[in-house]
file coords37.txt (compact mmCIF, C-alpha atoms (C1' of nucleotides))
# COMPACT_ATOMS: atom_id res chain seq x y z
CA MET A 1 5.80 -159.77 -53.27
CA ARG A 2 5.08 -158.46 -49.80
CA GLU A 3 3.54 -155.29 -51.17
CA LYS A 4 0.66 -155.57 -48.72
CA LEU A 5 3.03 -155.85 -45.81
CA SER A 6 5.12 -152.94 -47.08
CA ILE A 7 2.08 -150.78 -47.54
CA TYR A 8 0.85 -151.64 -44.07
CA ILE A 9 4.17 -150.74 -42.47
CA ARG A 10 4.48 -147.48 -44.42
CA GLU A 11 0.97 -146.52 -43.24
CA LYS A 12 2.07 -146.78 -39.63
CA ILE A 13 5.63 -145.53 -39.51
CA ILE A 14 8.15 -143.44 -41.45
CA ILE A 15 10.94 -145.69 -42.60
CA SER A 16 13.69 -145.54 -45.23
CA ASP A 17 13.81 -147.96 -48.16
CA GLU A 18 16.88 -149.65 -46.70
CA GLU A 19 15.29 -150.10 -43.30
CA LEU A 20 12.11 -151.42 -44.88
CA GLU A 21 14.13 -153.98 -46.84
CA GLN A 22 15.86 -154.97 -43.63
CA VAL A 23 12.52 -155.40 -41.88
CA LEU A 24 10.97 -157.40 -44.73
CA SER A 25 13.96 -159.73 -44.85
CA PHE A 26 12.92 -161.19 -41.49
CA PHE A 27 9.45 -162.15 -42.68
CA LYS A 28 8.76 -165.54 -44.22
CA ARG A 29 5.79 -166.50 -46.33
CA ILE A 30 3.60 -169.54 -45.71
CA GLN A 31 0.39 -170.90 -47.11
CA VAL A 32 -1.92 -172.80 -44.75
CA LYS A 33 -5.08 -174.79 -45.34
CA LYS A 34 -8.50 -174.17 -43.86
CA ASN A 35 -8.77 -175.29 -40.22
CA GLU A 36 -5.02 -175.70 -39.86
CA ILE A 37 -3.71 -174.92 -36.36
CA LEU A 38 -0.64 -172.66 -36.23
CA ILE A 39 -0.20 -172.39 -32.46
CA SER A 40 -1.59 -174.72 -29.80
CA PRO A 41 -1.83 -174.33 -26.03
CA GLY A 42 1.38 -175.33 -24.30
CA GLU A 43 3.60 -174.25 -27.16
CA THR A 44 6.26 -171.62 -26.72
CA SER A 45 7.42 -171.15 -30.29
CA GLN A 46 6.15 -167.65 -30.83
CA ARG A 47 5.62 -165.81 -34.06
CA ILE A 48 3.70 -162.77 -35.15
CA TYR A 49 1.64 -163.34 -38.28
CA PHE A 50 0.55 -160.88 -40.92
CA VAL A 51 -2.50 -162.01 -42.88
CA GLY A 52 -2.06 -161.56 -46.65
CA THR A 53 -5.27 -163.32 -47.68
CA GLY A 54 -7.71 -165.40 -45.66
CA CYS A 55 -8.40 -165.24 -41.97
CA LEU A 56 -6.97 -166.27 -38.61
CA ARG A 57 -8.84 -166.96 -35.41
CA ILE A 58 -7.48 -166.79 -31.85
CA PHE A 59 -9.42 -168.95 -29.40
CA PHE A 60 -9.08 -171.00 -26.23
CA LEU A 61 -10.93 -173.81 -24.53
CA THR A 62 -13.02 -173.35 -21.40
CA ALA A 63 -12.99 -175.86 -18.54
CA GLY A 64 -16.09 -177.45 -20.07
CA GLY A 65 -14.33 -177.90 -23.41
CA THR A 66 -16.23 -175.16 -25.26
CA GLU A 67 -14.31 -172.93 -27.64
CA ALA A 68 -14.14 -169.23 -26.79
CA THR A 69 -13.01 -167.00 -29.66
CA ARG A 70 -10.94 -164.02 -28.62
CA HIS A 71 -10.15 -162.45 -31.97
CA PHE A 72 -10.48 -162.67 -35.74
CA ALA A 73 -7.73 -161.28 -37.98
CA PHE A 74 -8.50 -160.63 -41.64
CA GLU A 75 -6.42 -159.38 -44.58
CA ASN A 76 -3.76 -156.79 -43.73
CA GLN A 77 -3.74 -157.37 -40.00
CA PHE A 78 -1.14 -158.63 -37.59
CA ALA A 79 -2.15 -161.38 -35.21
CA THR A 80 -0.61 -163.64 -32.61
CA ALA A 81 -1.29 -165.25 -29.24
CA LEU A 82 -0.29 -161.89 -27.80
CA VAL A 83 -0.40 -162.69 -24.09
CA SER A 84 2.03 -165.54 -24.58
CA PHE A 85 4.16 -163.36 -26.86
CA ILE A 86 4.38 -160.70 -24.15
CA THR A 87 4.81 -162.88 -21.08
CA ASN A 88 6.94 -165.53 -22.77
CA GLU A 89 4.87 -168.19 -21.04
CA THR A 90 3.37 -171.05 -23.00
CA SER A 91 0.25 -170.12 -24.91
CA LYS A 92 -3.21 -170.77 -23.52
CA GLU A 93 -4.63 -170.01 -26.91
CA PHE A 94 -4.94 -171.59 -30.34
CA VAL A 95 -4.16 -169.69 -33.51
CA GLN A 96 -6.09 -171.25 -36.38
CA ALA A 97 -6.66 -170.54 -40.07
CA VAL A 98 -10.41 -170.33 -40.60
CA GLU A 99 -9.98 -170.30 -44.39
CA ASP A 100 -7.13 -171.14 -46.77
CA THR A 101 -4.75 -168.41 -45.74
CA MET A 102 -1.54 -166.79 -46.99
CA LEU A 103 0.63 -165.45 -44.21
CA TYR A 104 3.89 -163.70 -43.52
CA TYR A 105 5.43 -164.37 -40.15
CA ILE A 106 8.34 -163.16 -38.07
CA SER A 107 9.82 -165.02 -35.10
CA GLN A 108 9.75 -163.46 -31.65
CA LYS A 109 13.56 -163.42 -31.63
CA ASP A 110 13.74 -161.51 -34.92
CA PHE A 111 10.95 -159.22 -33.81
CA TYR A 112 12.88 -158.24 -30.67
CA HIS A 113 16.01 -157.90 -32.76
CA LEU A 114 14.19 -155.39 -34.97
CA LEU A 115 13.14 -153.44 -31.88
CA GLN A 116 16.86 -153.01 -31.16
CA ILE A 117 18.12 -152.08 -34.61
CA VAL A 118 15.19 -150.19 -36.18
CA PRO A 119 14.07 -147.43 -33.79
CA GLN A 120 10.80 -146.90 -35.67
CA TRP A 121 9.91 -150.56 -35.18
CA GLU A 122 9.24 -149.79 -31.52
CA LYS A 123 6.63 -147.33 -32.72
CA LEU A 124 4.92 -149.91 -34.88
CA TYR A 125 4.77 -152.33 -31.97
CA ARG A 126 3.34 -149.54 -29.84
CA HIS A 127 0.57 -148.98 -32.35
CA TYR A 128 -0.17 -152.69 -32.40
CA LEU A 129 -0.32 -152.86 -28.59
CA GLU A 130 -2.49 -149.77 -28.38
CA TYR A 131 -4.89 -151.13 -30.96
CA ALA A 132 -5.04 -154.51 -29.22
CA TYR A 133 -5.70 -152.83 -25.88
CA VAL A 134 -8.49 -150.62 -27.19
CA THR A 135 -10.15 -153.52 -29.01
CA ASN A 136 -9.98 -155.71 -25.94
CA THR A 137 -11.29 -153.04 -23.60
CA ASN A 138 -14.23 -152.33 -25.86
CA ARG A 139 -15.00 -156.03 -25.90
CA LEU A 140 -14.72 -156.19 -22.12
CA MET A 141 -17.14 -153.27 -21.83
CA SER A 142 -19.60 -154.89 -24.21
CA PHE A 143 -19.65 -158.07 -22.12
CA ILE A 144 -20.28 -156.04 -18.99
CA THR A 145 -22.89 -153.63 -20.29
CA LEU A 146 -24.77 -155.49 -23.03
CA ASP A 147 -26.99 -158.56 -23.08
CA ALA A 148 -26.82 -161.22 -25.81
CA THR A 149 -29.17 -159.38 -28.17
CA ALA A 150 -27.37 -156.07 -27.87
CA ARG A 151 -23.96 -157.69 -28.31
CA TYR A 152 -25.14 -159.33 -31.53
CA ARG A 153 -26.60 -156.07 -32.84
CA GLN A 154 -23.39 -154.21 -32.01
CA LEU A 155 -21.27 -156.79 -33.82
CA LEU A 156 -23.56 -156.61 -36.83
CA ALA A 157 -23.22 -152.82 -36.86
CA GLN A 158 -19.49 -152.57 -36.18
CA ASN A 159 -18.17 -155.67 -37.86
CA PRO A 160 -20.72 -157.23 -40.21
CA GLY A 161 -17.90 -159.08 -41.97
CA ILE A 162 -17.49 -161.41 -39.02
CA VAL A 163 -21.18 -162.34 -39.00
CA MET A 164 -21.25 -162.82 -42.79
CA ARG A 165 -17.97 -164.62 -43.28
CA MET A 166 -17.62 -166.81 -40.22
CA PRO A 167 -19.71 -169.90 -39.40
CA ASN A 168 -22.40 -169.46 -36.72
CA LYS A 169 -20.51 -171.63 -34.32
CA MET A 170 -17.56 -169.23 -34.28
CA VAL A 171 -19.67 -166.08 -34.22
CA ALA A 172 -21.51 -167.48 -31.20
CA SER A 173 -18.25 -168.33 -29.45
CA TYR A 174 -17.02 -164.78 -30.20
CA LEU A 175 -20.15 -163.27 -28.66
CA ASN A 176 -19.98 -165.73 -25.77
CA ILE A 177 -23.46 -167.10 -26.36
CA SER A 178 -24.58 -170.60 -27.39
CA GLN A 179 -25.15 -171.47 -31.04
CA GLU A 180 -28.81 -171.99 -30.28
CA THR A 181 -29.18 -168.52 -28.81
CA LEU A 182 -27.45 -166.97 -31.83
CA SER A 183 -29.74 -168.90 -34.15
CA ARG A 184 -32.78 -167.60 -32.28
CA LEU A 185 -31.44 -164.03 -32.36
CA LYS A 186 -30.85 -164.17 -36.11
CA SER A 187 -34.36 -165.40 -36.83
CA LYS A 188 -35.89 -162.64 -34.72
CA ALA A 189 -33.94 -159.40 -35.24
CA MET B 1 10.29 -136.55 -2.73
CA ARG B 2 9.38 -138.73 -5.67
CA GLU B 3 11.54 -141.58 -4.45
CA LYS B 4 8.75 -144.06 -5.11
CA LEU B 5 8.38 -142.84 -8.64
CA SER B 6 12.15 -142.94 -9.20
CA ILE B 7 12.36 -146.46 -7.86
CA TYR B 8 9.49 -147.56 -10.05
CA ILE B 9 11.09 -146.13 -13.17
CA ARG B 10 14.51 -147.60 -12.39
CA GLU B 11 12.89 -151.01 -11.95
CA LYS B 12 11.54 -150.89 -15.48
CA ILE B 13 14.21 -149.15 -17.56
CA ILE B 14 17.89 -148.26 -17.56
CA ILE B 15 18.21 -144.51 -17.40
CA SER B 16 20.96 -142.01 -16.50
CA ASP B 17 20.63 -139.67 -13.51
CA GLU B 18 20.27 -136.69 -15.85
CA GLU B 19 17.54 -138.32 -17.87
CA LEU B 20 15.74 -139.40 -14.72
CA GLU B 21 15.81 -135.81 -13.45
CA GLN B 22 14.46 -134.65 -16.78
CA VAL B 23 11.65 -137.20 -16.58
CA LEU B 24 10.75 -136.33 -12.99
CA SER B 25 10.64 -132.63 -13.77
CA PHE B 26 7.48 -133.20 -15.82
CA PHE B 27 5.59 -134.81 -12.94
CA LYS B 28 3.51 -132.72 -10.56
CA ARG B 29 2.28 -133.76 -7.14
CA ILE B 30 -1.31 -133.51 -5.94
CA GLN B 31 -3.25 -134.61 -2.92
CA VAL B 32 -6.90 -135.58 -3.41
CA LYS B 33 -9.67 -136.44 -0.98
CA LYS B 34 -11.64 -139.66 -0.72
CA ASN B 35 -14.29 -139.96 -3.47
CA GLU B 36 -12.86 -137.07 -5.45
CA ILE B 37 -13.28 -137.43 -9.24
CA LEU B 38 -10.16 -136.71 -11.31
CA ILE B 39 -11.50 -137.43 -14.80
CA SER B 40 -15.15 -137.53 -15.89
CA PRO B 41 -16.74 -138.84 -19.08
CA GLY B 42 -16.67 -136.26 -21.85
CA GLU B 43 -13.43 -134.70 -20.70
CA THR B 44 -10.39 -134.60 -22.94
CA SER B 45 -7.76 -133.25 -20.57
CA GLN B 46 -5.61 -136.32 -20.26
CA ARG B 47 -3.05 -137.16 -17.67
CA ILE B 48 -1.30 -140.28 -16.50
CA TYR B 49 -1.29 -140.68 -12.74
CA PHE B 50 1.18 -142.47 -10.52
CA VAL B 51 -0.25 -143.47 -7.14
CA GLY B 52 2.06 -142.57 -4.24
CA THR B 53 -0.34 -143.51 -1.45
CA GLY B 54 -4.03 -144.37 -1.56
CA CYS B 55 -6.01 -145.85 -4.40
CA LEU B 56 -7.60 -144.90 -7.71
CA ARG B 57 -10.55 -146.54 -9.40
CA ILE B 58 -11.41 -146.47 -13.12
CA PHE B 59 -15.09 -147.02 -13.81
CA PHE B 60 -17.90 -146.19 -16.21
CA LEU B 61 -21.67 -146.09 -16.16
CA THR B 62 -23.86 -148.63 -17.93
CA ALA B 63 -27.00 -147.63 -19.84
CA GLY B 64 -29.01 -148.49 -16.72
CA GLY B 65 -26.87 -146.15 -14.61
CA THR B 66 -24.99 -148.86 -12.74
CA GLU B 67 -21.28 -148.38 -12.11
CA ALA B 68 -18.91 -150.85 -13.73
CA THR B 69 -15.39 -150.84 -12.31
CA ARG B 70 -12.66 -151.52 -14.85
CA HIS B 71 -9.55 -151.21 -12.71
CA PHE B 72 -8.11 -150.45 -9.30
CA ALA B 73 -4.66 -148.86 -9.02
CA PHE B 74 -2.87 -148.99 -5.66
CA GLU B 75 0.47 -147.64 -4.42
CA ASN B 76 3.28 -147.60 -6.99
CA GLN B 77 1.13 -148.07 -10.05
CA PHE B 78 0.41 -145.93 -13.05
CA ALA B 79 -3.22 -145.40 -13.99
CA THR B 80 -5.29 -143.40 -16.42
CA ALA B 81 -8.38 -143.61 -18.63
CA LEU B 82 -6.11 -145.39 -21.08
CA VAL B 83 -8.50 -145.81 -24.00
CA SER B 84 -9.10 -142.08 -24.11
CA PHE B 85 -5.37 -141.45 -23.65
CA ILE B 86 -4.61 -143.65 -26.67
CA THR B 87 -7.42 -142.63 -29.00
CA ASN B 88 -7.49 -138.97 -27.98
CA GLU B 89 -11.26 -139.14 -27.88
CA THR B 90 -13.18 -137.91 -24.86
CA SER B 91 -13.17 -140.33 -21.96
CA LYS B 92 -16.04 -142.72 -21.37
CA GLU B 93 -14.62 -143.45 -17.94
CA PHE B 94 -14.31 -141.86 -14.54
CA VAL B 95 -11.06 -141.81 -12.62
CA GLN B 96 -11.81 -141.53 -8.93
CA ALA B 97 -9.86 -141.55 -5.67
CA VAL B 98 -11.34 -144.28 -3.48
CA GLU B 99 -9.33 -143.12 -0.46
CA ASP B 100 -7.38 -139.98 0.40
CA THR B 101 -4.68 -140.26 -2.22
CA MET B 102 -1.32 -138.71 -3.04
CA LEU B 103 -0.54 -138.66 -6.73
CA TYR B 104 2.05 -137.62 -9.26
CA TYR B 105 0.77 -136.85 -12.71
CA ILE B 106 2.13 -136.01 -16.13
CA SER B 107 0.14 -134.41 -18.94
CA GLN B 108 -0.38 -136.27 -22.19
CA LYS B 109 1.56 -133.55 -24.00
CA ASP B 110 4.58 -133.90 -21.73
CA PHE B 111 4.30 -137.67 -21.85
CA TYR B 112 4.52 -137.64 -25.68
CA HIS B 113 7.34 -135.14 -25.46
CA LEU B 114 9.27 -137.58 -23.28
CA LEU B 115 8.69 -140.32 -25.84
CA GLN B 116 10.55 -138.08 -28.32
CA ILE B 117 13.47 -136.99 -26.17
CA VAL B 118 14.10 -139.97 -23.88
CA PRO B 119 14.40 -143.14 -25.99
CA GLN B 120 14.01 -145.40 -22.95
CA TRP B 121 10.70 -143.77 -22.12
CA GLU B 122 9.21 -145.56 -25.11
CA LYS B 123 10.22 -148.79 -23.41
CA LEU B 124 8.51 -147.87 -20.18
CA TYR B 125 5.33 -147.05 -22.05
CA ARG B 126 5.62 -150.37 -23.83
CA HIS B 127 5.78 -152.19 -20.49
CA TYR B 128 2.76 -150.28 -19.28
CA LEU B 129 0.78 -151.15 -22.42
CA GLU B 130 1.82 -154.79 -22.26
CA TYR B 131 0.83 -155.05 -18.62
CA ALA B 132 -2.50 -153.34 -19.28
CA TYR B 133 -3.18 -155.67 -22.18
CA VAL B 134 -2.38 -158.83 -20.26
CA THR B 135 -4.47 -157.73 -17.28
CA ASN B 136 -7.40 -156.87 -19.48
CA THR B 137 -7.23 -160.09 -21.44
CA ASN B 138 -7.14 -162.17 -18.28
CA ARG B 139 -10.19 -160.30 -17.05
CA LEU B 140 -11.95 -160.85 -20.36
CA MET B 141 -11.19 -164.56 -20.14
CA SER B 142 -12.48 -164.75 -16.58
CA PHE B 143 -15.79 -163.19 -17.62
CA ILE B 144 -16.10 -165.69 -20.45
CA THR B 145 -15.06 -168.85 -18.64
CA LEU B 146 -16.08 -168.37 -15.01
CA ASP B 147 -19.41 -167.96 -13.23
CA ALA B 148 -19.97 -165.48 -10.39
CA THR B 149 -18.71 -167.83 -7.67
CA ALA B 150 -15.54 -168.76 -9.52
CA ARG B 151 -14.79 -165.13 -10.39
CA TYR B 152 -15.10 -164.19 -6.72
CA ARG B 153 -12.84 -167.06 -5.63
CA GLN B 154 -10.27 -166.14 -8.26
CA LEU B 155 -10.21 -162.51 -7.15
CA LEU B 156 -9.82 -163.60 -3.54
CA ALA B 157 -6.89 -165.81 -4.51
CA GLN B 158 -5.13 -163.44 -6.89
CA ASN B 159 -5.93 -160.06 -5.41
CA PRO B 160 -7.26 -160.35 -1.86
CA GLY B 161 -6.36 -156.70 -1.27
CA ILE B 162 -9.22 -155.57 -3.46
CA VAL B 163 -11.76 -157.63 -1.53
CA MET B 164 -10.38 -156.51 1.84
CA ARG B 165 -9.80 -152.86 1.13
CA MET B 166 -12.64 -151.86 -1.18
CA PRO B 167 -16.31 -151.55 -0.22
CA ASN B 168 -18.61 -154.41 -1.31
CA LYS B 169 -20.35 -152.19 -3.78
CA MET B 170 -17.13 -151.61 -5.73
CA VAL B 171 -15.96 -155.21 -5.49
CA ALA B 172 -19.31 -156.33 -6.89
CA SER B 173 -19.09 -153.83 -9.73
CA TYR B 174 -15.54 -155.06 -10.45
CA LEU B 175 -16.73 -158.68 -10.63
CA ASN B 176 -19.78 -157.61 -12.63
CA ILE B 177 -22.25 -159.11 -10.20
CA SER B 178 -24.90 -157.43 -8.04
CA GLN B 179 -24.13 -156.43 -4.46
CA GLU B 180 -26.72 -158.92 -3.29
CA THR B 181 -25.05 -161.78 -5.12
CA LEU B 182 -21.66 -160.83 -3.67
CA SER B 183 -23.14 -160.69 -0.21
CA ARG B 184 -24.60 -164.19 -0.65
CA LEU B 185 -21.29 -165.50 -1.99
CA LYS B 186 -19.34 -164.10 0.96
CA SER B 187 -21.68 -165.67 3.50
CA LYS B 188 -21.41 -169.08 1.82
CA ALA B 189 -17.82 -169.62 0.67
C1' DT C 1 -25.11 -140.61 22.74
C1' DG C 2 -28.65 -140.59 19.87
C1' DA C 3 -30.30 -139.53 15.14
C1' DT C 4 -29.52 -140.00 10.38
C1' DC C 5 -27.65 -141.90 6.40
C1' DT C 6 -25.35 -145.46 3.99
C1' DT C 7 -24.12 -150.15 3.27
C1' DT C 8 -25.03 -154.97 3.70
C1' DT C 9 -27.98 -158.92 4.26
C1' DT C 10 -32.06 -161.82 3.44
C1' DG C 11 -36.35 -163.54 1.20
C1' DC C 12 -39.21 -164.00 -2.78
C1' DC C 13 -40.05 -163.97 -7.54
C1' DT C 14 -38.62 -163.20 -12.47
C1' DT C 15 -35.78 -163.28 -16.43
C1' DT C 16 -32.12 -164.42 -19.53
C1' DG C 17 -29.87 -167.56 -21.64
C1' DG C 18 -28.10 -172.46 -21.21
C1' DT C 19 -28.72 -177.59 -21.94
C1' DC C 20 -30.44 -181.54 -24.16
C1' DA C 21 -32.61 -183.75 -27.93
C1' DA C 22 -34.46 -184.12 -32.36
C1' DA C 23 -35.54 -182.27 -36.95
C1' DA C 24 -34.20 -179.63 -40.94
C1' DA C 25 -30.85 -177.71 -43.90
C1' DA C 26 -26.40 -177.20 -45.90
C1' DA C 27 -21.80 -178.71 -47.17
C1' DG C 28 -18.42 -182.02 -48.65
C1' DG C 29 -16.75 -186.40 -50.77
C1' DC C 30 -16.74 -189.74 -54.30
C1' DG D 1 -25.93 -186.83 -58.54
C1' DC D 2 -26.39 -189.31 -54.07
C1' DC D 3 -24.85 -190.39 -49.53
C1' DT D 4 -22.62 -188.91 -45.35
C1' DT D 5 -21.28 -185.55 -42.13
C1' DT D 6 -21.62 -181.15 -40.25
C1' DT D 7 -24.20 -177.08 -39.22
C1' DT D 8 -28.35 -174.75 -38.10
C1' DT D 9 -32.92 -174.49 -36.33
C1' DT D 10 -36.73 -175.42 -33.12
C1' DG D 11 -38.94 -176.95 -28.86
C1' DA D 12 -39.24 -178.05 -23.94
C1' DC D 13 -37.24 -177.54 -19.65
C1' DC D 14 -33.90 -175.69 -16.12
C1' DA D 15 -30.56 -172.95 -13.39
C1' DA D 16 -27.78 -168.87 -12.32
C1' DA D 17 -28.10 -164.57 -11.15
C1' DG D 18 -30.79 -160.15 -11.11
C1' DG D 19 -34.55 -157.02 -9.31
C1' DC D 20 -37.21 -155.41 -5.69
C1' DA D 21 -38.30 -154.58 -1.00
C1' DA D 22 -37.61 -154.67 3.72
C1' DA D 23 -34.74 -155.58 7.70
C1' DA D 24 -30.26 -155.38 9.93
C1' DA D 25 -25.82 -153.59 10.65
C1' DG D 26 -22.40 -150.10 10.36
C1' DA D 27 -20.79 -145.32 9.61
C1' DT D 28 -21.02 -140.24 10.43
C1' DC D 29 -21.65 -136.33 12.87
C1' DA D 30 -23.82 -132.67 15.69
call {"tool": "encode", "arguments": {"input": "coords37.txt", "output": "structure tokens"}}
result
Amino acid sequence: MREKLSIYIREKIIISDEELEQVLSFFKRIQVKKNEILISPGETSQRIYFVGTGCLRIFFLTAGGTEATRHFAFENQFATALVSFITNETSKEFVQAVEDTMLYYISQKDFYHLLQIVPQWEKLYRHYLEYAYVTNTNRLMSFITLDATARYRQLLAQNPGIVMRMPNKMVASYLNISQETLSRLKSKA
Amino acid sequence: MREKLSIYIREKIIISDEELEQVLSFFKRIQVKKNEILISPGETSQRIYFVGTGCLRIFFLTAGGTEATRHFAFENQFATALVSFITNETSKEFVQAVEDTMLYYISQKDFYHLLQIVPQWEKLYRHYLEYAYVTNTNRLMSFITLDATARYRQLLAQNPGIVMRMPNKMVASYLNISQETLSRLKSKA
DNA sequence: TGATCTTTTTGCCTTTGGTCAAAAAAAGGC
DNA sequence: GCCTTTTTTTGACCAAAGGCAAAAAGATCA
């Protein structure tokens, strides 16, 4: 139980067995079905999720009602509606299970509590923030510098799993192009 | 000397006079001229800057050679080529003084040293990362959900200083539109 | 002040990618 | 397996914004 989570934590920070036990005790396990929504816009109840098996998607709705996917989180990754988690404002984003998914989660309250009592936990959060920032900035740069074709090629090169595993609709919304355009790109390149 | 920096730090974290002195001792002051480049792509020498007076711009070049502005930092803000700072890879970005600018800077080495010896410094870095993440994500969302006109209006509403103080060329490259399009937008709206 | 250089504006045309609609294919339920 | 629903593909047309070029306006400096 929770080996994956333990391994993940021990990869990032140096922590004693007792402290690790303490950390793990705050995480709860849940199983969710495909398409289930874990966080909806307007909600404040904040949690950080760790994906054991399956996949989470973070997305929001544009003014026109189209979905825009901000992030996919697969096995052994943390994920949450991070802006809302940081600012403590209600979420603008959905967190959704794309497949049947097994998760561990920790509440925001317990997470902050851990920051107080386990000094190394601050370091793990730092790594998470740094990773999230770098990922986001690279995405920002790809939207600015690349056209639809190049963005698709880059995704295929850097993260083929997303293209393989996720339905077209979601891949298109991740690349910020229409499904039709993605379909045309796939048939060509 | 360094009052602005002291005030900034004391706004973010609780820190004793001795620790504050220790922190400040790692910062050096420099004066740079308008258009001067502080960090260029390919460089590894990393510093974090604090803007006393003036303004810094973080930008990179697209494949076509166009400038794309990622961030403006005005008085009382920290700024650096953060991705490079985090990953320790060579920078893809320029850091440039847009105006005559007075700066304090700290080397990456000293910055990491402070993380070790001043526990609260970790908290300040956390705030910086969180702020950078939220800013970046909002920008990402604006590129995805808004067209050129709406992005310009939003910038005007949320950050009129940028539009007023920066040359058109840079504002356009910040909004990711051509100078011509910005010019047409300004004359209309 | 005039001469030069840079930045901004305007007009015209092109391109990328979006929208709408319908057909084809795939997935899911019983 | 068959029927229904969802997803993907294809075609025709359209609009937002870019590129290019030239004119106008504004800076810079001897």
call {"tool": "interface_residues", "arguments": {"input": "coords37.txt", "of": "chain A", "to": "chain D", "cutoff": "12 Å", "atoms": "all atoms listed in the file", "output": "list in words"}}
result
Pro167, Asn168, Lys169, Met170, Gln179, Glu180, Thr181, Leu182, Ser183, Arg184, Leu185, Lys186 and Ser187 of chain A
call {"tool": "interface_residues", "arguments": {"input": "coords37.txt", "of": "chain C", "to": "chain B", "cutoff": "9 Å", "atoms": "only C-alpha atoms (C1' of nucleotides)", "output": "PyMOL selection string"}}
result
chain C and resi 7-10
call {"tool": "write_last_selection", "arguments": {"input": "coords37.txt", "atoms": "C-alpha atoms (C1' of nucleotides)", "output": "mmCIF file, in the coordinates of the input"}}
result
data_model
loop_
_atom_site.group_PDB
_atom_site.id
_atom_site.type_symbol
_atom_site.label_atom_id
_atom_site.label_comp_id
_atom_site.auth_asym_id
_atom_site.auth_seq_id
_atom_site.Cartn_x
_atom_site.Cartn_y
_atom_site.Cartn_z
ATOM 1 C "C1'" DT C 7 -24.120 -150.150 3.270
ATOM 2 C "C1'" DT C 8 -25.030 -154.970 3.700
ATOM 3 C "C1'" DT C 9 -27.980 -158.920 4.260
ATOM 4 C "C1'" DT C 10 -32.060 -161.820 3.440
#
call {"tool": "atom_distance", "arguments": {"input": "coords37.txt", "atom1": "CA of Phe94 (chain A)", "atom2": "CA of Ile37 (chain A)"}}
result
7.0 Å
call {"tool": "atom_distance", "arguments": {"input": "coords37.txt", "atom1": "CA of Phe74 (chain A)", "atom2": "CA of Gly52 (chain A)"}}
result
8.2 Å
call {"tool": "axis_aligned_box", "arguments": {"input": "coords37.txt", "around": "region 125-134 of chain A", "padding_each_side": "4 Å", "output": "lines of an AutoDock Vina configuration file"}}
result
center_x = -1.9
center_y = -151.7
center_z = -29.1
size_x = 21.3
size_y = 13.5
size_z = 14.5
call {"tool": "interface_residues", "arguments": {"input": "coords37.txt", "of": "chain A", "to": "chain B", "cutoff": "6 Å", "atoms": "all atoms listed in the file", "output": "number ranges by chain"}}
result
A: 62, 83, 133-134, 140, 145
call {"tool": "atom_distance", "arguments": {"input": "coords37.txt", "atom1": "CA of Phe50 (chain B)", "atom2": "CA of Ala79 (chain B)"}}
result
6.3 Å
call {"tool": "closest_residue", "arguments": {"input": "coords37.txt", "among": "B:Gln154, B:Thr149, B:Asn159, B:Gln120", "to": "Ile15 (chain B)", "atoms": "all atoms listed in the file"}}
result
B:Gln120
call {"tool": "residues_around", "arguments": {"input": "coords37.txt", "residues": "Gly161 (chain A)", "least_positions_apart": "4", "cutoff": "12 Å", "atoms": "all atoms listed in the file", "output": "PyMOL selection string"}}
result
chain A and resi 55+72-75+155-157+165-167+171
